[in-house]
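Working notes, beginning with the structure itself.
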Amino acid sequence: MFNRLSISQKLTAMLMLTSGAVLSLSAIAFATWDFYRFRADMQTDLQTQAALVLGNTVAAVTFRDPGAAGETLGRLGIPPHSQIACLYLPDGQLFAFRSFREAVDTCPAAPTPGTQVTSTRMFVTAQLSQGRNAGATLMIGVDLDAHRARIRTQATAVAAILVPGLLISFLISTVLQGMVARPLGALADTARQIADRGDYSIRAATRTGDEIGVLVQAFNRMLDEIQESQRERAGLLDREQQANRLKDEFLATLSHELRTPLNAIVGWVHLLRRGQLPVEEAKHALERIDRNAHAQ
């Protein structure tokens with residue numbers, strides 16, 4: 001299908017494909033970078049929040065007061081995306097937890113260090129590193145609604161940039177392909193006219209000084225050489241026809257000049273062979289034969 005397109009259409013398609021690929025790759029790179037940056041910022045905020053809450057639970061853990069620890073964990077429900085908070089003692093035993101959803105979550109039997117991300121949640125685990133109860137662990141789980149909202153916003157922004165960018169690219173490619181394809185189209189029209197009319201006096205106009213201009217000049221020089229060759233061939237044909245005419249005239253004259261004396265010789269010889277001519281006539285015949293033979 002691409003091969004059946006005109007040069008202008010091919011140029012437009014090539015420029016659009018190039019621009020579209022560059023814009024798409026740029027948009028994908030930006031979206032990917034922003035995706036992981038937002039996730040990293042989200043993880044950092046959760047780790048900071050977990051460290052602060054864990055610090056506030058030191059007294060409750062020290063005096064083994066699950067109620068006070070639960071109240072402290074309850075403050076995590078103030079952010080809109082918190083879903084679960086689990087506090088573990090240094091020996092790994094679950095000490096207190098809070099679920100911030102209508103459907104109550106349950107904490108895992110043992111905390112998993114670091115950060116885990118599922119399709120719907122992010123879990124961050126922080127461990128107390130100072131005080132008498134060093135080793136107490138807090139795990140916070142939040143939903144990824146903010147993350148998904150960020151992705152939707154990115155997709156909208158990318159579309160808002162990509163569509164006008166492609167439109168501008170199309171307009172620019174239309175102008176640029178006209179600068180390249182118009183001289184080539186004019187050259188093709190000139191070649192078509194010459195082929196249809198057989199008139200080699202038509203010339204293509206030179207509009208640019210680039211490679212296309214060089215091509216047009218070479219095309220015009222080729223037409224000049226064809227015209228010169230046609231003129232030379234016409235001259236040779238005229239000379240050949242004139243030579244044939246002179247040859248015919250020469251042969252006609254030669255034939256006449258040969259035939260006239262020969263007719264006289266043949267006629268007198270025929271009469272002499274019959275033997276009916278008088279002596280005087282026979283002498284006259286011999287003289288005529290001799291004269292015509294010498295003339296021949």
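Starting from 1 in every chain, residues are counted up; chains themselves are A, B, ... following the order of the structure tokens, and ligands are numbered from 1 as listed.
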
Shell around Leu23 of chain A at 10 Å using only C-alpha atoms, local window under 5 positions removed, as a list in words: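 Contacts, in chain order: Leu17, Thr18, Ile28, Ala29, Val158, Ile161, Leu162, Val163, Gly165, Leu166 and Ser169 of chain A.
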
Filtered DSSP result for segment 1-82 of chain A, state alpha helix (DSSP H), as a ChimeraX atom specification: /A:7-56,58-62,66-74

Å distance separating atom CA of Asp91 of chain A from atom CA of Thr120 of chain A, one decimal place: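 Atom-to-atom, atom CA of Asp91 of chain A and atom CA of Thr120 of chain A are spaced 29.3 Å apart.
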
Distance query Gly114 of chain A at most 10 Å, only C-alpha atoms, self and fewer than 5 positions along chain excluded, as a PyMOL selection string: chain A and resi 47+123-127+139

Proximity to Ala109 of chain A - best of A:Ala285, A:Ala159, A:Cys86, A:Ala218, only C-alpha atoms: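 Between A:Ala285, A:Ala159, A:Cys86, A:Ala218, the residue approaching Ala109 of chain A most closely is A:Cys86.
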
Atom CA of Gly185 of chain A to atom CA of Lys10 of chain A, distance in Å rounded to a single decimal: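 Distance between the two atoms: 13.0 Å.
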